[in-house]
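K.L.:
Provided herewith: input_10.pdb, PDB, C-alpha atoms and all ligand atoms.
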```pdb
MODEL        1
ATOM      1  CA  MET A   1     -29.901 102.473 113.037  1.00  0.00           C
ATOM      2  CA  HIS A   2     -30.686  98.842 113.175  1.00  0.00           C
ATOM      3  CA  LEU A   3     -27.902  96.346 112.595  1.00  0.00           C
ATOM      4  CA  HIS A   4     -28.115  92.642 112.049  1.00  0.00           C
ATOM      5  CA  LYS A   5     -26.793  90.592 114.945  1.00  0.00           C
ATOM      6  CA  TYR A   6     -23.992  89.094 112.828  1.00  0.00           C
ATOM      7  CA  GLU A   7     -23.035  92.498 111.501  1.00  0.00           C
ATOM      8  CA  LYS A   8     -22.533  93.706 115.062  1.00  0.00           C
ATOM      9  CA  ILE A   9     -20.279  90.743 115.800  1.00  0.00           C
ATOM     10  CA  TRP A  10     -17.967  91.236 112.825  1.00  0.00           C
ATOM     11  CA  LEU A  11     -17.856  95.000 113.296  1.00  0.00           C
ATOM     12  CA  VAL A  12     -16.721  94.479 116.892  1.00  0.00           C
ATOM     13  CA  PHE A  13     -14.209  91.888 115.694  1.00  0.00           C
ATOM     14  CA  GLY A  14     -12.874  94.227 112.994  1.00  0.00           C
ATOM     15  CA  LEU A  15     -12.676  97.269 115.248  1.00  0.00           C
ATOM     16  CA  GLY A  16     -11.106  95.128 117.966  1.00  0.00           C
ATOM     17  CA  SER A  17      -8.395  93.947 115.565  1.00  0.00           C
ATOM     18  CA  LEU A  18      -7.780  97.518 114.453  1.00  0.00           C
ATOM     19  CA  ALA A  19      -7.385  98.656 118.069  1.00  0.00           C
ATOM     20  CA  LEU A  20      -5.131  95.664 118.857  1.00  0.00           C
ATOM     21  CA  PHE A  21      -2.790  96.304 115.934  1.00  0.00           C
ATOM     22  CA  LEU A  22      -2.644 100.060 116.599  1.00  0.00           C
ATOM     23  CA  LEU A  23      -1.663  99.270 120.190  1.00  0.00           C
ATOM     24  CA  ILE A  24       1.029  96.897 118.936  1.00  0.00           C
ATOM     25  CA  ILE A  25       2.396  99.568 116.585  1.00  0.00           C
ATOM     26  CA  GLY A  26       2.427 102.096 119.419  1.00  0.00           C
ATOM     27  CA  PHE A  27       4.147  99.600 121.724  1.00  0.00           C
ATOM     28  CA  ALA A  28       6.772  98.758 119.097  1.00  0.00           C
ATOM     29  CA  ALA A  29       7.431 102.406 118.268  1.00  0.00           C
ATOM     30  CA  PHE A  30       7.403 104.036 121.704  1.00  0.00           C
ATOM     31  CA  TRP A  31       8.472 101.279 124.102  1.00  0.00           C
ATOM     32  CA  LYS A  32      10.654  99.148 121.880  1.00  0.00           C
ATOM     33  CA  GLY A  33      12.101 101.965 119.770  1.00  0.00           C
ATOM     34  CA  THR A  34      11.306 100.388 116.422  1.00  0.00           C
ATOM     35  CA  HIS A  35      11.799 102.895 113.620  1.00  0.00           C
ATOM     36  CA  PRO A  36      13.042 103.069 110.040  1.00  0.00           C
ATOM     37  CA  GLN A  37      16.690 102.020 109.828  1.00  0.00           C
ATOM     38  CA  SER A  38      17.871 105.080 107.950  1.00  0.00           C
ATOM     39  CA  HIS A  39      17.907 107.807 110.547  1.00  0.00           C
ATOM     40  CA  ILE A  40      17.938 111.565 110.272  1.00  0.00           C
ATOM     41  CA  GLU A  41      21.729 111.409 110.110  1.00  0.00           C
ATOM     42  CA  THR A  42      22.982 112.040 106.588  1.00  0.00           C
ATOM     43  CA  ILE A  43      26.284 111.372 104.866  1.00  0.00           C
ATOM     44  CA  ASP A  44      27.836 112.550 101.611  1.00  0.00           C
ATOM     45  CA  PRO A  45      27.553 109.522  99.304  1.00  0.00           C
ATOM     46  CA  GLN A  46      30.440 110.844  97.162  1.00  0.00           C
ATOM     47  CA  ASN A  47      32.707 110.929 100.171  1.00  0.00           C
ATOM     48  CA  VAL A  48      31.679 108.238 102.661  1.00  0.00           C
ATOM     49  CA  GLU A  49      35.332 107.884 103.752  1.00  0.00           C
ATOM     50  CA  ALA A  50      35.032 111.234 105.480  1.00  0.00           C
ATOM     51  CA  HIS A  51      32.757 109.619 108.059  1.00  0.00           C
ATOM     52  CA  GLU A  52      34.628 108.027 110.961  1.00  0.00           C
ATOM     53  CA  SER A  53      32.707 104.740 110.710  1.00  0.00           C
ATOM     54  CA  PHE A  54      33.336 104.323 107.001  1.00  0.00           C
ATOM     55  CA  LYS A  55      37.061 105.061 106.789  1.00  0.00           C
ATOM     56  CA  PRO A  56      38.637 102.106 104.938  1.00  0.00           C
ATOM     57  CA  GLU A  57      40.525 101.022 108.088  1.00  0.00           C
ATOM     58  CA  ASN A  58      37.337 101.083 110.163  1.00  0.00           C
ATOM     59  CA  LEU A  59      35.313  98.829 107.883  1.00  0.00           C
ATOM     60  CA  GLY A  60      34.377  95.369 109.015  1.00  0.00           C
ATOM     61  CA  LEU A  61      33.858  93.747 112.379  1.00  0.00           C
ATOM     62  CA  ARG A  62      35.018  95.352 115.605  1.00  0.00           C
ATOM     63  CA  GLU A  63      34.402  94.226 119.193  1.00  0.00           C
ATOM     64  CA  VAL A  64      33.528  97.312 121.216  1.00  0.00           C
ATOM     65  CA  ALA A  65      32.722  95.603 124.528  1.00  0.00           C
ATOM     66  CA  ASP A  66      32.357  92.093 125.848  1.00  0.00           C
ATOM     67  CA  GLY A  67      29.893  90.420 123.488  1.00  0.00           C
ATOM     68  CA  LYS A  68      29.133  93.677 121.686  1.00  0.00           C
ATOM     69  CA  TYR A  69      30.152  94.201 118.112  1.00  0.00           C
ATOM     70  CA  ILE A  70      29.912  96.836 115.418  1.00  0.00           C
ATOM     71  CA  VAL A  71      30.106  96.007 111.730  1.00  0.00           C
ATOM     72  CA  ASN A  72      30.732  98.865 109.307  1.00  0.00           C
ATOM     73  CA  ILE A  73      29.937  98.180 105.684  1.00  0.00           C
ATOM     74  CA  VAL A  74      29.978 100.281 102.527  1.00  0.00           C
ATOM     75  CA  ALA A  75      27.690  98.926  99.843  1.00  0.00           C
ATOM     76  CA  SER A  76      28.246  99.784  96.208  1.00  0.00           C
ATOM     77  CA  ALA A  77      27.293  98.259  92.892  1.00  0.00           C
ATOM     78  CA  PHE A  78      27.999  95.341  93.210  1.00  0.00           C
ATOM     79  CA  ASN A  79      29.849  94.688  96.409  1.00  0.00           C
ATOM     80  CA  TYR A  80      29.733  94.883 100.184  1.00  0.00           C
ATOM     81  CA  ASP A  81      32.993  96.393 101.406  1.00  0.00           C
ATOM     82  CA  ILE A  82      33.612  94.754 104.785  1.00  0.00           C
ATOM     83  CA  GLY A  83      37.269  95.750 104.921  1.00  0.00           C
ATOM     84  CA  SER A  84      40.272  93.592 104.129  1.00  0.00           C
ATOM     85  CA  ASP A  85      42.209  91.010 106.125  1.00  0.00           C
ATOM     86  CA  ASP A  86      45.899  91.089 107.073  1.00  0.00           C
ATOM     87  CA  ALA A  87      46.842  89.705 103.672  1.00  0.00           C
ATOM     88  CA  GLY A  88      44.937  92.514 101.992  1.00  0.00           C
ATOM     89  CA  LYS A  89      42.184  90.266 100.692  1.00  0.00           C
ATOM     90  CA  PRO A  90      38.607  91.558 100.928  1.00  0.00           C
ATOM     91  CA  VAL A  91      36.649  90.178 103.867  1.00  0.00           C
ATOM     92  CA  LYS A  92      33.545  88.256 102.871  1.00  0.00           C
ATOM     93  CA  THR A  93      32.708  86.495 106.138  1.00  0.00           C
ATOM     94  CA  ILE A  94      31.921  87.949 109.545  1.00  0.00           C
ATOM     95  CA  ARG A  95      32.283  85.599 112.514  1.00  0.00           C
ATOM     96  CA  VAL A  96      30.618  86.319 115.851  1.00  0.00           C
ATOM     97  CA  PRO A  97      29.804  84.095 118.842  1.00  0.00           C
ATOM     98  CA  LYS A  98      26.228  83.102 119.515  1.00  0.00           C
ATOM     99  CA  GLY A  99      24.330  85.494 121.758  1.00  0.00           C
ATOM    100  CA  SER A 100      26.397  88.538 120.843  1.00  0.00           C
ATOM    101  CA  THR A 101      24.869  91.926 120.145  1.00  0.00           C
ATOM    102  CA  VAL A 102      25.786  93.193 116.710  1.00  0.00           C
ATOM    103  CA  LEU A 103      25.199  96.682 115.376  1.00  0.00           C
ATOM    104  CA  PHE A 104      25.235  96.822 111.594  1.00  0.00           C
ATOM    105  CA  GLN A 105      26.063 100.228 110.125  1.00  0.00           C
ATOM    106  CA  VAL A 106      25.722 100.335 106.387  1.00  0.00           C
ATOM    107  CA  THR A 107      25.816 103.083 103.798  1.00  0.00           C
ATOM    108  CA  THR A 108      26.039 103.215 100.025  1.00  0.00           C
ATOM    109  CA  LYS A 109      28.177 105.155  97.586  1.00  0.00           C
ATOM    110  CA  ASP A 110      25.821 104.921  94.639  1.00  0.00           C
ATOM    111  CA  VAL A 111      22.282 103.583  94.388  1.00  0.00           C
ATOM    112  CA  VAL A 112      19.779 102.054  96.788  1.00  0.00           C
ATOM    113  CA  HIS A 113      20.834  98.619  98.003  1.00  0.00           C
ATOM    114  CA  GLY A 114      19.328  96.106 100.339  1.00  0.00           C
ATOM    115  CA  PHE A 115      21.000  94.509 103.329  1.00  0.00           C
ATOM    116  CA  GLN A 116      19.412  91.321 104.523  1.00  0.00           C
ATOM    117  CA  VAL A 117      21.027  88.675 106.675  1.00  0.00           C
ATOM    118  CA  ALA A 118      18.750  85.897 105.489  1.00  0.00           C
ATOM    119  CA  GLY A 119      17.344  83.815 108.329  1.00  0.00           C
ATOM    120  CA  THR A 120      17.672  86.602 110.908  1.00  0.00           C
ATOM    121  CA  ASN A 121      15.694  89.775 111.573  1.00  0.00           C
ATOM    122  CA  VAL A 122      18.379  91.933 109.964  1.00  0.00           C
ATOM    123  CA  ASN A 123      16.766  93.412 106.881  1.00  0.00           C
ATOM    124  CA  MET A 124      17.055  97.009 105.820  1.00  0.00           C
ATOM    125  CA  MET A 125      17.299  99.380 102.902  1.00  0.00           C
ATOM    126  CA  VAL A 126      20.557 101.184 102.309  1.00  0.00           C
ATOM    127  CA  GLU A 127      19.987 104.568 100.713  1.00  0.00           C
ATOM    128  CA  PRO A 128      22.613 106.944  99.335  1.00  0.00           C
ATOM    129  CA  GLY A 129      23.032 109.877 101.694  1.00  0.00           C
ATOM    130  CA  HIS A 130      21.875 107.940 104.731  1.00  0.00           C
ATOM    131  CA  ILE A 131      23.369 105.615 107.289  1.00  0.00           C
ATOM    132  CA  SER A 132      21.272 102.539 107.967  1.00  0.00           C
ATOM    133  CA  ARG A 133      21.691 101.077 111.435  1.00  0.00           C
ATOM    134  CA  LEU A 134      20.231  97.956 112.931  1.00  0.00           C
ATOM    135  CA  GLU A 135      21.221  96.327 116.186  1.00  0.00           C
ATOM    136  CA  THR A 136      20.384  92.715 116.787  1.00  0.00           C
ATOM    137  CA  VAL A 137      21.162  89.836 119.106  1.00  0.00           C
ATOM    138  CA  MET A 138      22.432  86.789 117.253  1.00  0.00           C
ATOM    139  CA  LYS A 139      20.294  84.225 119.051  1.00  0.00           C
ATOM    140  CA  ASN A 140      20.853  81.275 116.758  1.00  0.00           C
ATOM    141  CA  ALA A 141      24.089  79.693 115.597  1.00  0.00           C
ATOM    142  CA  GLY A 142      24.552  79.044 111.918  1.00  0.00           C
ATOM    143  CA  GLU A 143      25.773  80.416 108.653  1.00  0.00           C
ATOM    144  CA  PHE A 144      23.649  83.234 107.301  1.00  0.00           C
ATOM    145  CA  THR A 145      23.967  84.687 103.851  1.00  0.00           C
ATOM    146  CA  VAL A 146      23.889  88.436 103.429  1.00  0.00           C
ATOM    147  CA  VAL A 147      21.999  89.383 100.306  1.00  0.00           C
ATOM    148  CA  CYS A 148      21.078  92.573  98.518  1.00  0.00           C
ATOM    149  CA  ASN A 149      17.311  92.556  98.167  1.00  0.00           C
ATOM    150  CA  GLU A 150      16.873  95.835  96.311  1.00  0.00           C
ATOM    151  CA  TYR A 151      17.530  95.484  92.618  1.00  0.00           C
ATOM    152  CA  CYS A 152      20.570  97.677  92.004  1.00  0.00           C
ATOM    153  CA  GLY A 153      21.691  96.758  88.492  1.00  0.00           C
ATOM    154  CA  ILE A 154      23.169  94.078  86.299  1.00  0.00           C
ATOM    155  CA  GLY A 155      25.422  92.569  89.005  1.00  0.00           C
ATOM    156  CA  HIS A 156      22.788  92.614  91.731  1.00  0.00           C
ATOM    157  CA  HIS A 157      22.987  88.849  92.287  1.00  0.00           C
ATOM    158  CA  GLN A 158      26.739  89.096  92.910  1.00  0.00           C
ATOM    159  CA  MET A 159      26.246  91.150  96.065  1.00  0.00           C
ATOM    160  CA  PHE A 160      26.562  88.790  98.971  1.00  0.00           C
ATOM    161  CA  ALA A 161      28.549  88.042 102.098  1.00  0.00           C
ATOM    162  CA  THR A 162      28.287  85.631 105.029  1.00  0.00           C
ATOM    163  CA  VAL A 163      27.622  86.031 108.725  1.00  0.00           C
ATOM    164  CA  GLU A 164      28.769  83.051 110.729  1.00  0.00           C
ATOM    165  CA  VAL A 165      27.400  82.678 114.240  1.00  0.00           C
ATOM    166  CA  TYR A 166      29.303  80.026 116.166  1.00  0.00           C
ATOM    167  CA  ASP A 167      28.616  78.246 119.438  1.00  0.00           C
ATOM    168  CA  GLU A 168      31.100  79.298 122.081  1.00  0.00           C
TER     169      GLU A 168
ATOM    170  CA  MET B   1     -53.375  92.419  95.975  1.00  0.00           C
ATOM    171  CA  ALA B   2     -52.998  95.385  98.349  1.00  0.00           C
ATOM    172  CA  LYS B   3     -52.314  93.054 101.218  1.00  0.00           C
ATOM    173  CA  ASP B   4     -49.559  91.345  99.227  1.00  0.00           C
ATOM    174  CA  LYS B   5     -47.831  94.645  98.498  1.00  0.00           C
ATOM    175  CA  LEU B   6     -47.932  95.629 102.167  1.00  0.00           C
ATOM    176  CA  ARG B   7     -46.402  92.358 103.224  1.00  0.00           C
ATOM    177  CA  HIS B   8     -43.661  92.751 100.689  1.00  0.00           C
ATOM    178  CA  GLN B   9     -42.787  96.193 102.042  1.00  0.00           C
ATOM    179  CA  THR B  10     -42.629  95.093 105.633  1.00  0.00           C
ATOM    180  CA  THR B  11     -40.342  92.131 104.930  1.00  0.00           C
ATOM    181  CA  LYS B  12     -38.021  94.348 102.876  1.00  0.00           C
ATOM    182  CA  ASN B  13     -36.863  96.302 105.930  1.00  0.00           C
ATOM    183  CA  ASP B  14     -36.948  93.384 108.306  1.00  0.00           C
ATOM    184  CA  ASP B  15     -33.286  92.322 108.058  1.00  0.00           C
ATOM    185  CA  THR B  16     -33.542  89.771 110.861  1.00  0.00           C
ATOM    186  CA  SER B  17     -35.050  87.483 108.289  1.00  0.00           C
ATOM    187  CA  ILE B  18     -32.044  87.812 105.947  1.00  0.00           C
ATOM    188  CA  ASP B  19     -29.829  84.778 106.171  1.00  0.00           C
ATOM    189  CA  LEU B  20     -26.305  86.078 106.794  1.00  0.00           C
ATOM    190  CA  LYS B  21     -24.891  82.849 108.165  1.00  0.00           C
ATOM    191  CA  GLY B  22     -22.698  82.181 105.137  1.00  0.00           C
ATOM    192  CA  THR B  23     -21.436  85.770 105.094  1.00  0.00           C
ATOM    193  CA  PHE B  24     -20.757  85.615 108.813  1.00  0.00           C
ATOM    194  CA  ILE B  25     -18.770  82.398 108.545  1.00  0.00           C
ATOM    195  CA  SER B  26     -16.669  83.670 105.608  1.00  0.00           C
ATOM    196  CA  VAL B  27     -15.961  87.004 107.309  1.00  0.00           C
ATOM    197  CA  MET B  28     -14.881  85.245 110.494  1.00  0.00           C
ATOM    198  CA  LEU B  29     -12.756  82.700 108.631  1.00  0.00           C
ATOM    199  CA  LEU B  30     -10.949  85.524 106.841  1.00  0.00           C
ATOM    200  CA  GLY B  31     -10.457  87.409 110.116  1.00  0.00           C
ATOM    201  CA  ILE B  32      -9.125  84.357 111.912  1.00  0.00           C
ATOM    202  CA  PHE B  33      -6.836  83.584 108.944  1.00  0.00           C
ATOM    203  CA  ILE B  34      -5.332  87.100 109.112  1.00  0.00           C
ATOM    204  CA  LEU B  35      -4.850  86.891 112.884  1.00  0.00           C
ATOM    205  CA  VAL B  36      -3.271  83.423 112.763  1.00  0.00           C
ATOM    206  CA  LEU B  37      -0.945  84.583 109.975  1.00  0.00           C
ATOM    207  CA  TRP B  38       0.047  87.688 111.922  1.00  0.00           C
ATOM    208  CA  PHE B  39       0.840  85.819 115.122  1.00  0.00           C
ATOM    209  CA  GLY B  40       2.694  83.154 113.137  1.00  0.00           C
ATOM    210  CA  ILE B  41       4.930  85.769 111.549  1.00  0.00           C
ATOM    211  CA  TYR B  42       5.405  87.472 114.913  1.00  0.00           C
ATOM    212  CA  ALA B  43       6.506  84.147 116.445  1.00  0.00           C
ATOM    213  CA  LEU B  44       8.990  83.779 113.587  1.00  0.00           C
ATOM    214  CA  PHE B  45      10.290  87.289 114.308  1.00  0.00           C
ATOM    215  CA  LEU B  46      10.741  86.515 118.007  1.00  0.00           C
ATOM    216  CA  SER B  47      12.513  83.216 117.386  1.00  0.00           C
ATOM    217  CA  ARG B  48      15.112  84.663 115.049  1.00  0.00           C
TER     218      ARG B  48
HETATM  219 CU    CU C   1      21.174  94.717  94.589  1.00  0.00          CU
ENDMDL
END
```
What would the structure in this file look like if it were written as structure tokens?

P.N.:
Amino acid sequence: MHLHKYEKIWLVFGLGSLALFLLIIGFAAFWKGTHPQSHIETIDPQNVEAHESFKPENLGLREVADGKYIVNIVASAFNYDIGSDDAGKPVKTIRVPKGSTVLFQVTTKDVVHGFQVAGTNVNMMVEPGHISRLETVMKNAGEFTVVCNEYCGIGHHQMFATVEVYDE
Amino acid sequence: MAKDKLRHQTTKNDDTSIDLKGTFISVMLLGIFILVLWFGIYALFLSR
């Protein structure tokens, strides 16, 4: 088969890009452990309180080690339940110091919701029956808005919270 | 007449004479655009 000189060049370029991106996917999946955020672990969406992480008293921010945090959240139409403060008011803002490692654990009682901390790499789907987990290092200080980015119904736009990363 | 026909047939398969410069440039521009975009987004991912 005879190929034009230019054809050979762009075929090599195309195949090279394909090989490069496949390598990157393999690297991300096998070395870096990148995978879908909803794992094999399932939960009863009718009874999320039965799960240790989603008991009402365990919701919200918790420091588990120096600079390591876990945030447990139950999403529902149209709210993120991040626990309540000492006065019994619902928490809407999470405050963590810059550079801390935060593991977000989110589940939903009803329909599919989104969980995106806009301006960071935290962005995942929250599906009923599954627990979505994403661990991240809060590299940059600032105020980040948590938004639901999966249309979940009439009050979709009312689903928000704030993550505040402060300089120590 | 016969000579003309013969010439026509030989040039038909001779693709070195086809001008693919424009195609080549557009294919490469598209490829470079995709790569630049990808690495730009990756840099954004790393910085956040
Ligand atoms: Cu929504």

K.L.:
Neighbours of ligand CU 1 (chain C) within 10 Å, counting all atoms listed in the file, as a PyMOL selection string?

P.N.:
chain A and resi 75-79+111-115+147-160

K.L.:
I'd like to see the residues matched by the ChimeraX specification (/B :<10) & /A on this file, and ideally I'd get them as a PyMOL selection string.

P.N.:
chain A and resi 2-7+9-10+13-14+17+21+119-122+136-140

K.L.:
Tell me, as a compact mmCIF listing (two decimals) with C-alpha atoms, in the coordinates of the input, which residues lie within 12 Å of A:Leu59, counting all atoms listed in the file; anything in the same chain fewer than 4 positions away does not count.

P.N.:
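New file part-v8.txt:
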```txt
# COMPACT_ATOMS: atom_id res chain seq x y z
CA VAL A 48 31.68 108.24 102.66
CA GLU A 49 35.33 107.88 103.75
CA HIS A 51 32.76 109.62 108.06
CA GLU A 52 34.63 108.03 110.96
CA SER A 53 32.71 104.74 110.71
CA PHE A 54 33.34 104.32 107.00
CA LYS A 55 37.06 105.06 106.79
CA ILE A 70 29.91 96.84 115.42
CA VAL A 71 30.11 96.01 111.73
CA ASN A 72 30.73 98.86 109.31
CA ILE A 73 29.94 98.18 105.68
CA VAL A 74 29.98 100.28 102.53
CA ALA A 75 27.69 98.93 99.84
CA TYR A 80 29.73 94.88 100.18
CA ASP A 81 32.99 96.39 101.41
CA ILE A 82 33.61 94.75 104.78
CA GLY A 83 37.27 95.75 104.92
CA SER A 84 40.27 93.59 104.13
CA ASP A 85 42.21 91.01 106.12
CA PRO A 90 38.61 91.56 100.93
CA VAL A 91 36.65 90.18 103.87
CA LYS A 92 33.54 88.26 102.87
CA ILE A 94 31.92 87.95 109.54
CA PHE A 104 25.24 96.82 111.59
CA GLN A 105 26.06 100.23 110.12
CA VAL A 106 25.72 100.34 106.39
CA THR A 107 25.82 103.08 103.80
```

K.L.:
Extending 8 Å beyond the listed atoms of stretch 114-121 of chain A on each side, what axis-aligned box results? I want centre and edge lengths in Å to one decimal, as AutoDock Vina command-line options.

P.N.:
```
--center_x 18.4 --center_y 90.0 --center_z 106.0 --size_x 21.3 --size_y 28.3 --size_z 27.2
```

K.L.:
If I take atom CA of A:Ala87 and atom CA of A:Tyr69, how far is one from the other in Å, to one decimal?

P.N.:
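Between atom CA of A:Ala87 and atom CA of A:Tyr69 the gap is 22.5 Å.
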
K.L.:
What is the atom CA of A:Asp110-atom CA of A:Gln46 distance in Å, reported with one decimal?

P.N.:
7.9 Å

K.L.:
Tell me, in Å to one decimal, how far atom CA of A:Asp66 is from atom CA of A:Pro97.

P.N.:
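Between atom CA of A:Asp66 and atom CA of A:Pro97 the gap works out to 10.9 Å.
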
K.L.:
With distances taken over all atoms listed in the file, which of A:Leu134, A:Ile43, A:Ala29, A:Val102 is nearest to A:Gly60?

P.N.:
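Nearest candidate to A:Gly60 out of A:Leu134, A:Ile43, A:Ala29, A:Val102: A:Val102.
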
K.L.:
Which residue gives the smallest distance to A:Lys98 among A:Lys68, A:Leu23, A:Thr162, A:Gly16, with all atoms listed in the file counted?

P.N.:
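Looking at the shortest contact to A:Lys98, the residue is A:Lys68.
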